[in-house]
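Undergrad: The structure's right below; bear with me while I get my questions together.
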Amino acid sequence: MALTRTAGALTGEPSAAGRAARAGSRRARNRRTAVVPTVILLLGAVYCLLPVAWVLIASTKNNAQLFNTFTLEPNGSLWSNIRDLSSYADGVFWHWMLNTALYAGGGALLSMTVSAMAGYALAKFQFRGRQTLFNLLLAGVLVPPVVLALPQYLLLAKVGLTGTYWSVLLPSILSPYGIYLARIYASAAVPDEVIESARVDGCPEGTLFARIAVPMMTPGLVTIFLFQFVAVWNNFLLPFIMLSDENKFPITVGLYTLLNRGSSAPALYSLVVTGSLLSIIPLIILFLGLQRYWRTDLASGAVKQ
């Protein structure tokens with residue numbers, strides 16, 4: 001043992017005890033450095049979830065408790081608030097929810113379809129001006145939707161579509177960010193070899209796209225659908241500008257009108273809070289229901305065909 005330690009000292013190699021000590025110190029440093037990002041993530045989670053927790057608790061209070069006390073203790077008025085909200089104006093709240101589901105579901109589905117076709121074409125076809133078109137799409141990603149709301153209103157007013165369901169649906173179909181994601185995902189998830197093999201076998205381009213490319217792009221397309229669904233569901237300015245009929249309002253504009261009426265009828269404030277809680281439940285269900293697609297193997301579609 002003494003000879004081994006002497007040989008290690010002569011050759012400059014650390015002993016087993018020294019190596020163990022150094023490994024232990026590295027693990028301790030890694031644990032210390034991992035604490036900072038963990039704390040930052042926890043603070044971010046609290047920052048994001050605290051408003052949701054407040055809405056959940058506030059929706060269990062009646063109007064008097066909502067304004068006279070500020071505690072995080074829930075009360076038992078949730079079901080009565082839901083009943084009052086459901087009976088308000090002959091159940092107009094649930095009509096707003098159905099309108100929002102139509103706008104968000106239809107708009108997200110159409111946007112996902114257009115994004116999938118455009119992204120696949122940009123990724124797998126060679127044509128003149130392809131890179132220029134893609135650069136224009138990137139520029140479109142940088143343009144805030146708020147800037148486009150007024151030009152879209154003027155354009156749709158020219159063809160007489162303002163005040164209709166189409167005035168909210170049509171602007172949500174084309175998503176530059178969705179096309180960008182579809183193009184990037186198609187480039188990574190759909191191998192050129194699979195496409196060439198299908199073309200050699202005589203597979204038509206439409207069938208190739210629908211039965212081979214789309215299954216391989218499914219996780220990316222689900223992400224595009226979710227992004228667009230949430231964006232349309234939470235959209236306020238566009239339907240606020242386009243629509244004047246209360247029966248066509250989405251949930252965002254509908255709750256805004258209730259909030260404005262609350263200045264003369266304070267009892268409506270508890271209904272607004274309860275409606276805000278109910279409006280986020282479909283988003284939570286959608287995210288939980290579609291999570292499994294993100295765990296799908298990217299090549300599973302090619303294996304099944």
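Residues in the structure tokens are numbered from 1 in each chain, the chains being A, B, ... in the order shown, and ligands are numbered from 1 in the order shown.
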Taking 6 positions as the minimum chain separation for residues in the same chain, which residues sit within 7 Å of Leu78 of chain A when counting only C-alpha atoms? Answer as a PyMOL selection string.
TA: chain A and resi 59-61
Undergrad: Give me a file of those residues, with N, CA and C atoms, as a compact mmCIF listing (two decimals), in the first residue's frame.
TA:
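Output below, filename again.txt:
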```
# COMPACT_ATOMS: atom_id res chain seq x y z
N SER A 59 -63.86 32.86 -6.89
CA SER A 59 -65.12 32.39 -7.47
C SER A 59 -65.99 31.66 -6.46
N THR A 60 -65.43 31.30 -5.30
CA THR A 60 -66.22 30.63 -4.26
C THR A 60 -66.86 31.62 -3.29
N LYS A 61 -66.68 32.92 -3.55
CA LYS A 61 -67.21 33.94 -2.64
C LYS A 61 -68.37 34.68 -3.30
```
Undergrad: Please return as a PyMOL selection string: the residues of segment 104-281 of chain A that backbone DSSP assigns to helix (DSSP H, G or I).
TA: chain A and resi 104-124+130-141+145-158+166-172+176-189+192-200+205-216+218-233+237-242+246-248+251-261+268-281
Undergrad: Neighbours of Gly91 of chain A within 12 Å (only C-alpha atoms; same-chain residues fewer than 5 positions away dropped), as a PyMOL selection string?
TA: chain A and resi 82-86+96-98+247+254+275
Undergrad: Those residues with C-alpha atoms, as a PDB file, in the first residue's frame please?
TA:
```pdb
ATOM      1  CA  ILE A  82     -72.447  29.279 -11.403  1.00  0.00           C
ATOM      2  CA  ARG A  83     -76.256  29.135 -11.207  1.00  0.00           C
ATOM      3  CA  ASP A  84     -76.511  32.934 -11.256  1.00  0.00           C
ATOM      4  CA  LEU A  85     -74.101  33.119 -14.183  1.00  0.00           C
ATOM      5  CA  SER A  86     -76.001  30.438 -16.105  1.00  0.00           C
ATOM      6  CA  TRP A  96     -70.432  32.947 -25.510  1.00  0.00           C
ATOM      7  CA  MET A  97     -68.622  29.737 -24.600  1.00  0.00           C
ATOM      8  CA  LEU A  98     -70.043  27.954 -27.652  1.00  0.00           C
ATOM      9  CA  ASN A 247     -74.981  36.827 -29.344  1.00  0.00           C
ATOM     10  CA  GLY A 254     -68.612  38.871 -23.254  1.00  0.00           C
ATOM     11  CA  GLY A 275     -66.911  33.141 -15.707  1.00  0.00           C
TER      12      GLY A 275
END
```
Undergrad: Compile the contact shell of Gln65 of chain A as a list of chain:residue names: residues with an atom at most 12 Å away, counting only C-alpha atoms, same-chain residues fewer than 2 positions apart removed.
TA: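 The filter keeps A:Ile57, A:Ala58, A:Ser59, A:Thr60, A:Lys61, A:Asn62, A:Asn63, A:Phe67, A:Asn68, A:Thr69, A:Phe70, A:Thr71, A:Leu72, A:Glu73, A:Pro74, A:Asn75, A:Gly76, A:Ser77, A:Ala267, A:Tyr269, A:Ser270.
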Undergrad: Convert the current residue selection to file output with C-alpha atoms, as a PDB file, in the first residue's frame.
TA:
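New file out.pdb:
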```
ATOM      1  CA  ILE A  57     -60.739  31.076  -4.512  1.00  0.00           C
ATOM      2  CA  ALA A  58     -62.535  34.300  -5.454  1.00  0.00           C
ATOM      3  CA  SER A  59     -65.121  32.391  -7.472  1.00  0.00           C
ATOM      4  CA  THR A  60     -66.222  30.628  -4.262  1.00  0.00           C
ATOM      5  CA  LYS A  61     -67.211  33.944  -2.638  1.00  0.00           C
ATOM      6  CA  ASN A  62     -70.336  35.986  -2.977  1.00  0.00           C
ATOM      7  CA  ASN A  63     -70.208  39.648  -3.916  1.00  0.00           C
ATOM      8  CA  PHE A  67     -65.084  43.109  -1.695  1.00  0.00           C
ATOM      9  CA  ASN A  68     -65.223  43.189   2.115  1.00  0.00           C
ATOM     10  CA  THR A  69     -62.627  40.513   2.885  1.00  0.00           C
ATOM     11  CA  PHE A  70     -59.326  39.626   1.276  1.00  0.00           C
ATOM     12  CA  THR A  71     -58.383  36.128   2.373  1.00  0.00           C
ATOM     13  CA  LEU A  72     -57.180  33.002   0.624  1.00  0.00           C
ATOM     14  CA  GLU A  73     -59.818  30.944   2.414  1.00  0.00           C
ATOM     15  CA  PRO A  74     -62.478  29.581   0.033  1.00  0.00           C
ATOM     16  CA  ASN A  75     -66.175  29.904   0.801  1.00  0.00           C
ATOM     17  CA  GLY A  76     -69.227  27.973  -0.317  1.00  0.00           C
ATOM     18  CA  SER A  77     -70.744  30.221  -2.971  1.00  0.00           C
ATOM     19  CA  ALA A 267     -73.312  42.141  -8.165  1.00  0.00           C
ATOM     20  CA  TYR A 269     -68.380  41.248 -10.464  1.00  0.00           C
ATOM     21  CA  SER A 270     -68.709  37.834  -8.833  1.00  0.00           C
TER      22      SER A 270
END
```
Undergrad: With only C-alpha atoms as the counted atoms, please give the residues lying no more than 10 Å from segment 186-193 of chain A, apart from itself and same-chain residues fewer than 6 positions off, as a PDB file with C-alpha atoms, in the first residue's frame.
TA:
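Okay, selection_38.pdb is ready:
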```
ATOM      1  CA  ALA A 116     -49.158  21.660 -42.428  1.00  0.00           C
ATOM      2  CA  MET A 117     -49.552  21.955 -46.200  1.00  0.00           C
ATOM      3  CA  GLY A 119     -44.793  23.992 -44.160  1.00  0.00           C
ATOM      4  CA  TYR A 120     -44.478  20.651 -45.921  1.00  0.00           C
ATOM      5  CA  ALA A 121     -44.286  22.372 -49.322  1.00  0.00           C
ATOM      6  CA  LEU A 122     -41.602  24.781 -48.116  1.00  0.00           C
ATOM      7  CA  ALA A 123     -39.594  21.949 -46.577  1.00  0.00           C
ATOM      8  CA  LYS A 124     -39.787  19.285 -49.303  1.00  0.00           C
ATOM      9  CA  TYR A 180     -42.756  28.315 -39.634  1.00  0.00           C
ATOM     10  CA  ARG A 199     -42.641   8.479 -55.202  1.00  0.00           C
ATOM     11  CA  ILE A 212     -47.078   9.406 -44.737  1.00  0.00           C
ATOM     12  CA  ALA A 213     -46.053  12.982 -43.958  1.00  0.00           C
ATOM     13  CA  VAL A 214     -48.968  13.981 -41.729  1.00  0.00           C
ATOM     14  CA  PRO A 215     -48.652  10.998 -39.314  1.00  0.00           C
ATOM     15  CA  MET A 216     -44.933  11.729 -38.957  1.00  0.00           C
ATOM     16  CA  MET A 217     -45.680  15.409 -38.313  1.00  0.00           C
ATOM     17  CA  THR A 218     -48.444  14.733 -35.769  1.00  0.00           C
ATOM     18  CA  PRO A 219     -46.607  15.973 -32.614  1.00  0.00           C
ATOM     19  CA  GLY A 220     -45.675  19.202 -34.370  1.00  0.00           C
ATOM     20  CA  LEU A 221     -49.182  19.674 -35.760  1.00  0.00           C
ATOM     21  CA  ASP A 297     -42.105   8.666 -31.562  1.00  0.00           C
ATOM     22  CA  LEU A 298     -41.466  11.001 -34.479  1.00  0.00           C
ATOM     23  CA  ALA A 299     -41.057   8.109 -36.905  1.00  0.00           C
ATOM     24  CA  GLY A 301     -46.111   7.277 -38.784  1.00  0.00           C
ATOM     25  CA  ALA A 302     -43.553   5.888 -41.229  1.00  0.00           C
TER      26      ALA A 302
END
```
Undergrad: Looking at only C-alpha atoms, which of A:Val222, A:Glu246, A:Ala265, A:Ala198 is the one that sits closest to Ala89 of chain A?
TA: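 Of A:Val222, A:Glu246, A:Ala265, A:Ala198, the one nearest Ala89 of chain A is A:Glu246, counting only C-alpha atoms.
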Undergrad: Taking only C-alpha atoms into account, which of A:Leu290, A:Leu102, A:Ile241, A:Leu133 comes nearest Leu156 of chain A?
TA: A:Ile241
Undergrad: Can you tell me, as a list in words, what residues are no more than 12 Å from Phe236 of chain A when counting only C-alpha atoms, ignoring any on the same chain fewer than 3 positions away?
TA: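 Here the qualifying residues turn out to be Thr100, Tyr103, Pro145, Val146, Ala149, Val168, Val230, Ala231, Val232, Trp233, Pro239, Phe240, Ile241, Met242, Leu243, Phe249, Pro250, Ile251, Thr252, Val253, Gly254, Leu255, Tyr256 and Thr257 of chain A.
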Undergrad: Store the residues of this selection in a file with C-alpha atoms, as a PDB file, in the first residue's frame.
TA:
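Output contents, as saved in result_25.pdb:
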```pdb
ATOM      1  CA  THR A 100     -65.521  30.762 -28.439  1.00  0.00           C
ATOM      2  CA  TYR A 103     -63.868  30.393 -33.190  1.00  0.00           C
ATOM      3  CA  PRO A 145     -51.503  40.738 -34.202  1.00  0.00           C
ATOM      4  CA  VAL A 146     -52.663  44.028 -32.666  1.00  0.00           C
ATOM      5  CA  ALA A 149     -56.501  44.174 -36.397  1.00  0.00           C
ATOM      6  CA  VAL A 168     -63.231  36.281 -36.535  1.00  0.00           C
ATOM      7  CA  VAL A 230     -55.113  29.240 -27.118  1.00  0.00           C
ATOM      8  CA  ALA A 231     -54.375  32.370 -29.174  1.00  0.00           C
ATOM      9  CA  VAL A 232     -57.910  32.493 -30.624  1.00  0.00           C
ATOM     10  CA  TRP A 233     -59.546  31.519 -27.322  1.00  0.00           C
ATOM     11  CA  PRO A 239     -63.639  40.167 -32.041  1.00  0.00           C
ATOM     12  CA  PHE A 240     -64.112  43.386 -30.085  1.00  0.00           C
ATOM     13  CA  ILE A 241     -63.533  45.362 -33.301  1.00  0.00           C
ATOM     14  CA  MET A 242     -65.344  43.004 -35.678  1.00  0.00           C
ATOM     15  CA  LEU A 243     -68.509  42.125 -33.751  1.00  0.00           C
ATOM     16  CA  PHE A 249     -69.358  37.547 -28.780  1.00  0.00           C
ATOM     17  CA  PRO A 250     -66.604  35.175 -27.621  1.00  0.00           C
ATOM     18  CA  ILE A 251     -66.024  34.714 -23.926  1.00  0.00           C
ATOM     19  CA  THR A 252     -63.361  37.431 -23.707  1.00  0.00           C
ATOM     20  CA  VAL A 253     -65.575  40.191 -25.114  1.00  0.00           C
ATOM     21  CA  GLY A 254     -68.612  38.871 -23.254  1.00  0.00           C
ATOM     22  CA  LEU A 255     -66.883  39.006 -19.871  1.00  0.00           C
ATOM     23  CA  TYR A 256     -65.605  42.481 -20.742  1.00  0.00           C
ATOM     24  CA  THR A 257     -69.157  43.687 -21.281  1.00  0.00           C
TER      25      THR A 257
END
```
Undergrad: Nearest to Ser111 of chain A among A:Val92, A:Ala34, A:Leu174, A:Val200, with distances taken over only C-alpha atoms: which residue is it?
TA: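 Checking each candidate against Ser111 of chain A, we get A:Leu174 as the closest.
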